[in-house]
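Source file: query_26.txt; contents: compact mmCIF, C-alpha atoms.
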```
# COMPACT_ATOMS: atom_id res chain seq x y z
CA MET A 257 -87.92 -43.75 14.31
CA ASN A 258 -90.44 -41.47 15.90
CA LEU A 259 -93.81 -42.96 16.64
CA SER A 260 -95.33 -39.76 17.98
CA MET A 261 -94.54 -37.51 15.03
CA PRO A 262 -97.45 -35.72 13.35
CA VAL A 263 -98.82 -37.71 10.49
CA ALA A 264 -99.01 -35.54 7.43
CA THR A 265 -99.48 -38.37 5.01
CA ALA A 266 -102.56 -39.92 6.52
CA VAL A 267 -105.72 -40.02 4.48
CA ALA A 268 -108.50 -40.09 7.00
CA ASP A 269 -112.22 -40.00 6.53
CA THR A 270 -114.26 -39.99 9.70
CA ARG A 271 -116.98 -42.14 8.11
CA SER A 272 -114.70 -44.79 6.67
CA PRO A 273 -113.86 -47.78 8.83
CA PHE A 274 -110.14 -47.46 8.15
CA THR A 275 -107.29 -44.96 7.99
CA LEU A 276 -104.64 -45.06 5.31
CA TYR A 277 -101.05 -44.10 6.05
CA HIS A 278 -98.22 -43.77 3.58
CA VAL A 279 -95.02 -44.90 5.29
CA ARG A 280 -91.45 -44.18 4.25
CA GLY A 281 -88.65 -46.42 5.41
CA TYR A 282 -85.03 -46.40 4.35
CA ARG A 283 -81.44 -46.61 5.50
CA ASP A 284 -80.02 -43.10 5.50
CA ALA A 285 -76.52 -42.01 4.51
CA ASN A 286 -75.21 -42.77 8.00
CA GLY A 287 -76.58 -46.30 7.97
CA VAL A 288 -79.41 -45.50 10.37
CA THR A 289 -82.81 -47.05 9.77
CA VAL A 290 -85.52 -44.45 9.32
CA LEU A 291 -89.23 -45.14 9.34
CA ASP A 292 -91.45 -42.12 8.78
CA GLY A 293 -95.18 -41.63 8.70
CA LEU A 294 -96.29 -44.32 11.12
CA PRO A 295 -99.52 -43.58 12.97
CA PRO A 296 -99.28 -42.49 16.61
CA LEU A 297 -99.94 -45.19 19.14
CA ALA A 298 -103.26 -43.86 20.43
CA ALA A 299 -106.95 -43.49 19.56
CA HIS A 300 -106.94 -46.00 16.76
CA SER A 301 -108.59 -48.87 18.47
CA ASP A 302 -111.95 -48.32 16.78
CA ARG A 303 -110.88 -48.45 13.15
CA ALA A 304 -108.57 -50.49 11.01
CA ILE A 305 -105.29 -49.14 9.71
CA ILE A 306 -103.81 -49.63 6.28
CA LEU A 307 -100.11 -48.97 5.89
CA ASP A 308 -98.98 -48.29 2.35
CA MET A 309 -95.38 -49.51 2.42
CA SER A 310 -94.51 -48.81 -1.21
CA GLN A 311 -91.92 -46.23 -0.09
CA VAL A 312 -90.27 -48.57 2.41
CA THR A 313 -87.00 -49.79 0.96
CA PHE A 314 -85.36 -50.94 4.17
CA LEU A 315 -86.84 -52.42 7.31
CA ASP A 316 -85.13 -54.26 10.12
CA ALA A 317 -86.26 -55.85 13.35
CA SER A 318 -86.70 -52.51 15.11
CA GLY A 319 -89.11 -51.43 12.39
CA VAL A 320 -90.95 -54.71 12.72
CA VAL A 321 -91.32 -54.07 16.44
CA ALA A 322 -92.97 -50.74 15.60
CA LEU A 323 -95.36 -52.45 13.20
CA THR A 324 -96.32 -55.12 15.72
CA ALA A 325 -96.90 -52.41 18.34
CA ILE A 326 -99.38 -50.72 16.01
CA GLY A 327 -101.00 -54.07 15.26
CA ARG A 328 -101.44 -54.65 18.98
CA GLU A 329 -102.93 -51.18 19.40
CA VAL A 330 -105.62 -51.74 16.74
CA ARG A 331 -106.27 -55.27 17.98
CA GLY A 332 -104.93 -56.97 14.92
CA ARG A 333 -106.81 -54.86 12.36
CA LEU A 334 -103.64 -53.73 10.66
CA TYR A 335 -103.24 -54.20 6.92
CA VAL A 336 -99.82 -53.83 5.32
CA VAL A 337 -99.89 -53.34 1.56
CA ASN A 338 -97.56 -52.70 -1.36
CA LEU A 339 -94.51 -54.37 0.16
CA CYS A 340 -91.26 -54.56 -1.76
CA SER A 341 -89.73 -58.00 -2.06
CA PHE A 342 -87.10 -57.41 0.66
CA VAL A 343 -89.57 -56.34 3.30
CA ASP A 344 -92.07 -59.00 2.26
CA ARG A 345 -89.40 -61.68 2.69
CA LEU A 346 -88.42 -60.35 6.12
CA LEU A 347 -91.99 -60.37 7.40
CA ARG A 348 -92.52 -63.89 6.09
CA ILE A 349 -89.25 -65.09 7.68
CA MET A 350 -90.51 -63.71 10.97
CA HIS A 351 -93.87 -65.48 10.45
CA LEU A 352 -95.73 -62.18 10.77
CA ALA A 353 -97.63 -62.37 7.49
CA PRO A 354 -100.94 -63.52 9.01
CA TYR A 355 -100.70 -61.17 11.95
CA LEU A 356 -99.98 -58.06 9.88
CA HIS A 357 -102.45 -59.00 7.11
CA ILE A 358 -100.10 -58.55 4.18
CA ARG A 359 -102.03 -57.67 1.02
CA ASP A 360 -100.90 -56.80 -2.48
CA THR A 361 -102.87 -53.60 -3.03
CA ILE A 362 -104.76 -50.99 -1.09
CA SER A 363 -108.02 -51.90 -2.85
CA THR A 364 -107.71 -55.52 -1.72
CA ALA A 365 -107.30 -54.45 1.89
CA VAL A 366 -110.16 -51.94 1.66
CA ALA A 367 -112.48 -54.54 0.17
CA GLU A 368 -111.62 -56.93 2.95
CA ILE A 369 -112.26 -54.35 5.64
CA VAL A 370 -115.54 -53.15 4.15
CA ASN A 371 -116.84 -56.66 3.58
CA GLY A 372 -115.87 -57.66 7.09
CA MET B 199 -89.52 -76.94 88.56
CA GLY B 200 -86.57 -75.08 89.94
CA GLN B 201 -85.06 -72.18 88.13
CA THR B 202 -82.34 -73.33 85.87
CA THR B 203 -80.08 -71.07 83.98
CA ASN B 204 -78.34 -72.43 81.00
CA LEU B 205 -75.69 -69.89 80.23
CA GLY B 206 -74.95 -71.57 76.98
CA ASN B 207 -78.40 -70.69 75.58
CA VAL B 208 -78.82 -67.17 76.87
CA TRP B 209 -78.79 -65.82 73.32
CA GLU B 210 -82.02 -67.69 72.63
CA ILE B 211 -83.80 -65.48 75.16
CA CYS B 212 -81.99 -62.30 74.38
CA PRO B 213 -81.08 -62.33 70.69
CA GLN B 214 -79.10 -59.14 71.13
CA SER B 215 -76.68 -60.99 73.30
CA ARG B 216 -76.05 -63.66 70.73
CA PRO B 217 -72.32 -64.24 70.63
CA GLU B 218 -70.71 -63.53 67.33
CA ARG B 219 -68.88 -66.24 65.63
CA GLU B 220 -65.31 -66.17 66.73
CA PRO B 221 -63.04 -64.67 64.15
CA ALA B 222 -60.79 -66.84 62.11
CA ALA B 223 -57.72 -65.34 63.74
CA LEU B 224 -58.75 -66.80 67.11
CA ARG B 225 -59.47 -70.19 65.71
CA THR B 226 -56.06 -70.43 64.19
CA ALA B 227 -54.28 -68.95 67.21
CA GLY B 228 -51.32 -70.96 68.13
CA LEU B 229 -51.03 -72.51 64.70
CA PRO B 230 -48.26 -71.54 62.33
CA ALA B 231 -49.33 -68.75 59.98
CA ARG B 232 -50.45 -69.99 56.57
CA THR B 233 -49.28 -67.94 53.69
CA PRO B 234 -51.07 -68.24 50.37
CA ARG B 235 -48.96 -70.12 47.95
CA ARG B 236 -49.37 -71.46 44.47
CA ILE B 237 -50.42 -75.03 44.19
CA ARG B 238 -47.65 -76.73 42.37
CA ILE B 239 -48.27 -79.82 40.40
CA GLY B 240 -45.35 -82.10 40.86
CA SER B 241 -43.02 -82.66 38.00
CA GLY B 242 -43.01 -85.72 35.88
CA PRO B 243 -45.89 -88.19 36.12
CA ALA B 244 -48.10 -85.97 38.30
CA ARG B 245 -47.91 -83.12 35.85
CA ARG B 246 -48.60 -85.42 32.95
CA TRP B 247 -51.57 -86.89 34.84
CA HIS B 248 -52.93 -83.40 35.50
CA ARG B 249 -52.60 -82.45 31.83
CA LEU B 250 -54.26 -85.68 30.76
CA THR B 251 -57.14 -85.10 33.16
CA ARG B 252 -57.77 -81.64 31.75
CA LEU B 253 -57.61 -82.97 28.20
CA ARG B 254 -60.09 -85.71 29.02
CA ALA B 255 -62.43 -83.17 30.63
CA SER B 256 -62.35 -80.93 27.56
CA LYS B 257 -62.94 -83.93 25.30
CA ARG B 258 -65.87 -84.97 27.46
CA VAL B 259 -67.40 -81.52 26.97
CA SER B 260 -66.81 -81.74 23.22
CA LEU B 261 -68.36 -85.19 23.04
CA ARG B 262 -71.38 -83.95 24.95
CA ALA B 263 -71.76 -81.13 22.41
CA ARG B 264 -71.63 -83.52 19.45
CA PRO B 265 -75.32 -84.52 19.39
CA LEU B 266 -76.28 -80.88 19.78
CA TYR B 267 -73.99 -79.96 16.91
CA ARG B 268 -75.46 -82.65 14.68
CA ASN B 269 -78.96 -81.55 15.64
CA LEU B 270 -78.25 -77.89 14.87
CA LEU B 271 -76.66 -78.77 11.57
CA GLN B 272 -79.73 -80.74 10.52
CA ALA B 273 -82.23 -78.16 11.77
CA THR B 274 -80.53 -75.31 9.93
CA SER B 275 -79.71 -77.15 6.68
CA GLY B 276 -76.02 -76.89 7.45
CA ARG B 277 -75.99 -73.12 7.80
CA LEU B 278 -75.27 -72.90 11.50
CA ARG B 279 -71.83 -74.15 12.51
CA LEU B 280 -71.17 -74.53 16.19
CA CYS B 281 -67.47 -74.05 16.72
CA GLY B 282 -65.11 -74.97 19.50
CA SER B 283 -61.54 -74.42 20.50
CA THR B 284 -58.59 -75.73 18.55
CA GLY B 285 -57.94 -79.41 19.21
CA GLY B 286 -61.54 -80.20 20.17
CA THR B 287 -63.97 -82.35 18.25
CA LEU B 288 -65.98 -79.35 17.05
CA PRO B 289 -64.80 -77.37 14.01
CA THR B 290 -63.01 -74.09 14.54
CA LEU B 291 -64.05 -70.65 13.31
CA PRO B 292 -63.28 -69.95 9.65
CA ALA B 293 -59.96 -68.47 8.65
CA PRO B 294 -60.31 -64.69 8.74
CA LEU B 295 -60.02 -62.91 5.42
CA ARG B 296 -57.14 -60.50 5.20
CA ALA B 297 -58.76 -57.27 4.11
CA ALA B 298 -60.48 -55.98 7.21
CA SER B 299 -62.12 -52.82 8.43
CA PRO B 300 -60.94 -51.24 11.67
CA ARG B 301 -62.42 -52.62 14.87
CA LEU B 302 -65.88 -51.12 15.40
CA PRO B 303 -67.04 -50.92 19.00
CA LEU B 304 -70.59 -52.02 19.76
CA ASN B 305 -71.54 -50.29 22.98
CA SER B 306 -75.06 -49.25 22.10
CA SER B 307 -77.59 -49.55 19.31
CA ALA B 308 -76.35 -46.23 17.96
CA MET B 309 -73.07 -47.94 17.08
CA LEU B 310 -74.83 -50.14 14.54
CA ALA B 311 -74.72 -47.40 11.92
CA PRO B 312 -70.95 -47.50 11.21
CA LEU B 313 -71.07 -51.28 11.12
CA ARG B 314 -73.93 -51.23 8.63
CA ALA B 315 -72.11 -48.66 6.53
CA ALA B 316 -68.93 -50.77 6.47
CA THR B 317 -70.96 -53.87 5.62
CA TYR B 318 -72.73 -52.07 2.80
CA ASP B 319 -69.41 -50.87 1.35
CA ALA B 320 -67.92 -54.36 1.53
CA ALA B 321 -70.99 -55.87 -0.12
CA GLN B 322 -70.82 -53.33 -2.93
CA GLU B 323 -67.11 -53.99 -3.49
CA CYS B 324 -67.78 -57.72 -3.71
CA GLY B 325 -70.58 -57.20 -6.21
CA PHE B 326 -73.45 -58.52 -4.12
CA SER B 327 -76.96 -58.26 -5.50
CA ALA B 328 -79.48 -55.97 -3.84
CA GLN B 329 -81.15 -58.93 -2.16
CA GLN B 330 -77.85 -60.29 -0.82
CA THR B 331 -76.85 -56.85 0.46
CA TYR B 332 -80.18 -56.37 2.18
CA ASP B 333 -79.97 -59.84 3.72
CA LEU B 334 -76.47 -59.23 5.02
CA LEU B 335 -77.44 -55.87 6.50
CA LEU B 336 -80.36 -57.50 8.27
CA ALA B 337 -78.23 -60.31 9.66
CA VAL B 338 -75.51 -57.91 10.79
CA GLY B 339 -78.06 -55.77 12.59
CA GLU B 340 -79.43 -58.80 14.43
CA ALA B 341 -76.02 -60.16 15.44
CA ALA B 342 -74.81 -56.77 16.63
CA THR B 343 -78.05 -56.14 18.52
CA ASN B 344 -77.59 -59.49 20.27
CA ALA B 345 -74.11 -58.43 21.37
CA VAL B 346 -75.44 -55.12 22.70
CA VAL B 347 -78.53 -56.52 24.41
CA HIS B 348 -77.24 -59.80 25.82
CA ALA B 349 -73.54 -59.10 26.37
CA HIS B 350 -73.64 -55.33 26.96
CA GLY B 351 -71.32 -54.62 24.09
CA GLY B 352 -68.58 -56.04 22.01
CA GLU B 353 -66.78 -55.23 18.82
CA ALA B 354 -67.18 -55.97 15.16
CA ARG B 355 -64.96 -56.26 12.15
CA VAL B 356 -65.89 -56.50 8.49
CA ARG B 357 -63.59 -58.62 6.35
CA ALA B 358 -63.89 -59.08 2.62
CA ASP B 359 -62.27 -60.83 -0.29
CA THR B 360 -63.30 -58.97 -3.40
CA GLU B 361 -61.78 -61.55 -5.77
CA LEU B 362 -63.71 -64.45 -4.29
CA GLY B 363 -66.73 -62.30 -3.52
CA ILE B 364 -66.94 -63.24 0.15
CA VAL B 365 -67.73 -61.02 3.11
CA GLN B 366 -67.16 -62.08 6.70
CA ILE B 367 -68.57 -60.11 9.61
CA TRP B 368 -66.87 -60.95 12.91
CA ILE B 369 -68.78 -59.92 16.01
CA THR B 370 -67.23 -60.75 19.35
CA ASP B 371 -68.28 -60.06 22.90
CA THR B 372 -67.21 -61.01 26.38
CA GLY B 373 -70.66 -61.76 27.72
CA PRO B 374 -71.85 -64.87 29.54
CA GLY B 375 -72.10 -66.95 26.35
CA ILE B 376 -75.05 -68.95 25.03
CA SER B 377 -75.95 -72.10 26.87
CA GLU B 378 -76.70 -75.35 25.06
CA VAL B 379 -80.33 -75.13 26.11
CA CYS B 380 -80.67 -71.60 24.72
CA LEU B 381 -78.96 -72.59 21.47
CA ARG B 382 -81.45 -75.39 21.05
CA HIS B 383 -84.36 -73.06 21.78
CA VAL B 384 -83.29 -70.21 19.49
CA THR B 385 -82.89 -72.56 16.56
CA HIS B 386 -86.03 -74.61 17.13
CA ASP B 387 -88.55 -72.38 18.91
CA ASP B 388 -90.19 -69.39 17.35
CA GLY B 389 -89.98 -66.22 19.45
CA PHE B 390 -87.68 -67.56 22.16
CA SER B 391 -85.81 -64.75 23.91
CA THR B 392 -84.08 -64.32 27.25
CA ALA B 393 -84.21 -60.53 27.03
CA GLY B 394 -87.88 -59.85 26.30
CA THR B 395 -87.27 -59.13 22.62
CA LEU B 396 -89.09 -60.55 19.59
CA GLY B 397 -86.79 -63.56 19.62
CA GLN B 398 -86.37 -63.67 15.86
CA GLY B 399 -82.71 -62.70 15.60
CA PHE B 400 -81.30 -66.16 15.01
CA ARG B 401 -84.12 -67.01 12.65
CA ILE B 402 -83.34 -63.94 10.54
CA MET B 403 -79.60 -64.61 10.60
CA LEU B 404 -80.06 -68.21 9.57
CA GLN B 405 -82.48 -67.35 6.79
CA THR B 406 -80.47 -64.50 5.34
CA CYS B 407 -76.85 -65.60 5.68
CA GLY B 408 -74.88 -68.15 3.74
CA ARG B 409 -73.13 -69.41 6.85
CA LEU B 410 -73.31 -68.60 10.52
CA PHE B 411 -70.42 -69.67 12.75
CA ILE B 412 -70.80 -69.45 16.51
CA ALA B 413 -68.15 -70.11 19.13
CA THR B 414 -69.52 -69.55 22.60
CA ASN B 415 -68.11 -70.10 26.04
CA TRP B 416 -69.12 -68.90 29.48
CA ASP B 417 -65.70 -67.46 30.26
CA THR B 418 -64.54 -66.13 26.90
CA GLY B 419 -67.86 -64.86 25.55
CA THR B 420 -69.31 -65.39 22.11
CA SER B 421 -67.92 -64.95 18.64
CA VAL B 422 -70.29 -64.87 15.71
CA VAL B 423 -69.08 -64.93 12.12
CA LEU B 424 -71.56 -64.19 9.36
CA VAL B 425 -70.48 -65.24 5.90
CA GLN B 426 -72.14 -64.13 2.71
CA SER B 427 -70.88 -64.96 -0.75
CA THR B 428 -71.76 -64.15 -4.31
CA ARG B 429 -71.43 -67.83 -5.14
CA ALA B 430 -73.71 -70.42 -3.60
CA LEU B 431 -71.92 -71.88 -0.62
CA HIS B 432 -71.74 -75.65 -0.65
CA GLU B 433 -74.62 -76.96 1.40
CA PRO B 434 -73.51 -80.14 3.12
CA ASN B 435 -76.08 -82.80 3.67
CA ALA B 436 -76.17 -83.02 7.44
CA ARG B 437 -77.53 -86.55 7.42
CA PHE B 438 -74.85 -87.81 5.10
CA PRO B 439 -71.45 -86.25 5.77
CA LEU B 440 -69.02 -85.79 2.92
CA GLN B 441 -66.96 -88.92 3.59
CA ARG B 442 -70.02 -91.13 3.60
CA ARG B 443 -71.39 -89.50 0.46
CA ARG B 444 -68.06 -90.05 -1.32
CA ARG B 445 -68.10 -93.68 -0.18
CA ARG B 446 -71.57 -94.02 -1.68
CA GLY B 447 -70.11 -92.91 -4.99
CA GLU B 448 -71.61 -89.46 -5.03
CA ARG B 449 -69.51 -86.82 -6.76
CA ILE B 450 -68.91 -83.88 -4.46
CA PRO B 451 -67.59 -80.68 -6.04
CA SER B 452 -64.61 -79.35 -4.13
```

File written out as structure tokens:
Amino acid sequence: MNLSMPVATAVADTRSPFTLYHVRGYRDANGVTVLDGLPPLAAHSDRAIILDMSQVTFLDASGVVALTAIGREVRGRLYVVNLCSFVDRLLRIMHLAPYLHIRDTISTAVAEIVNG
Amino acid sequence: MGQTTNLGNVWEICPQSRPEREPAALRTAGLPARTPRRIRIGSGPARRWHRLTRLRASKRVSLRARPLYRNLLQATSGRLRLCGSTGGTLPTLPAPLRAASPRLPLNSSAMLAPLRAATYDAAQECGFSAQQTYDLLLAVGEAATNAVVHAHGGEARVRADTELGIVQIWITDTGPGISEVCLRHVTHDDGFSTAGTLGQGFRIMLQTCGRLFIATNWDTGTSVVLVQSTRALHEPNARFPLQRRRRRGERIPS
């Protein structure tokens, strides 16, 4: 997992109050957990972040630590959307659902951010 | 007041001149030399008394652990089994399944990959569903991480019975063990950790595994056995043990 890698999948608009990232997470052929496309841990404190997790098929506690670190960086304005059932269950087991703002779709999260 | 000199307390004025404590050799001068020897317990009644004392002490420890065991069983819906040594009042670890992977060392987090791969293979051979496989991989990762973080390493073994559809993951370490207080905290308190981590490892293991056996001791370390099965494992009612439920006329499937 590399938190400082360049984010090629981010959809950013300087006027919008949020940034959307498409994250990929999986267990590779060697059994190592990979989580790609996370935002860097800097300069995101002024806008919310939406993480599209539709491509995340595997996530363990180390990945959750990365998510909580981002959530701390943006002062809780982190929205996690499009979770598969495995990841959704893990986050709910860990009681992180309210903290990470789990939403079903991107549009739901955007509406919530725009409406305050 | 006349000048008095107390030679016995000179070191109080001049700390540098404080006399060193006389060495042990001087103190025992003139006494016959003591050679270290093994303490022998006398034969017959004395030896039997010594054995009985040790047995009583171990039973006392087991009895003290009983309320904790009952408490853990209730709090975890029967999933967490605290195990003890053979002959104690606590149950022992489950019988290991025969088909086993080679011993996998757990010296660092990088060593989790072969363990996960072996677990995944075993789960596929046993016909686990995607959810069960994912759950087992999560639990294995947490248990192995605990061994690396808290005990500075250990070893793991994956055992499987493809006919019964059961996978056992044995993770052992020689660390300082888990105290009763910590066991109570990790099962009851959210986010409790002694290593500055998220403190969710036990929660994840208990929520994702069919059974979790733990045998922990300060001198022998900790053994954790994760059991996952294709069939639903019998969930005992912690408040009403099997014997009492049978006495009440309830039919318990074997």

Hey, which bits of chain B sit within 8 Å of chain A, and for each residue what's the closest pair of atoms and how far apart in Å (one decimal), counting all atoms listed in the file, rows by chain and increasing number, as a Markdown table?
```
| residue | atom | partner | partner_atom | distance |
| --- | --- | --- | --- | --- |
| B:Leu310 | CA | A:Val288 | CA | 7.7 |
| B:Ala311 | CA | A:Gly287 | CA | 4.5 |
| B:Pro312 | CA | A:Gly287 | CA | 6.6 |
| B:Arg314 | CA | A:Gly287 | CA | 5.6 |
| B:Ala315 | CA | A:Gly287 | CA | 5.3 |
| B:Gln329 | CA | A:Phe342 | CA | 6.8 |
| B:Tyr332 | CA | A:Phe342 | CA | 7.2 |
| B:Leu336 | CA | A:Asp316 | CA | 6.1 |
| B:Gly339 | CA | A:Asp316 | CA | 7.6 |
| B:Glu340 | CA | A:Ala317 | CA | 7.5 |
| B:Leu396 | CA | A:Val321 | CA | 7.5 |
| B:Gln398 | CA | A:Met350 | CA | 6.4 |
| B:Arg401 | CA | A:Met350 | CA | 7.4 |
| B:Ile402 | CA | A:Ile349 | CA | 6.7 |
| B:Gln405 | CA | A:Ile349 | CA | 7.2 |
```

Distance in Å - CA of Thr392 in chain B versus CA of Leu335 in chain B
23.4 Å

Near Ile369 in chain A, counting only C-alpha atoms, which residues have an atom at most 8 Å away, once you skip same-chain residues fewer than 3 positions from it, shown as a list in words?
Pro273, Phe274, Ala304, Ala365, Val366 and Gly372 of chain A

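As for CA of Phe326 in chain B and CA of Met403 in chain B, they are spaced 17.1 Å apart.
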
What is the CA of Ala341 in chain B to CA of Phe400 in chain B distance in Å?
8.0 Å

One residue among A:Ile306, A:Leu356, A:Asp344, A:Leu339 is nearest to Ala325 in chain A when using only C-alpha atoms, and that residue is A:Leu356
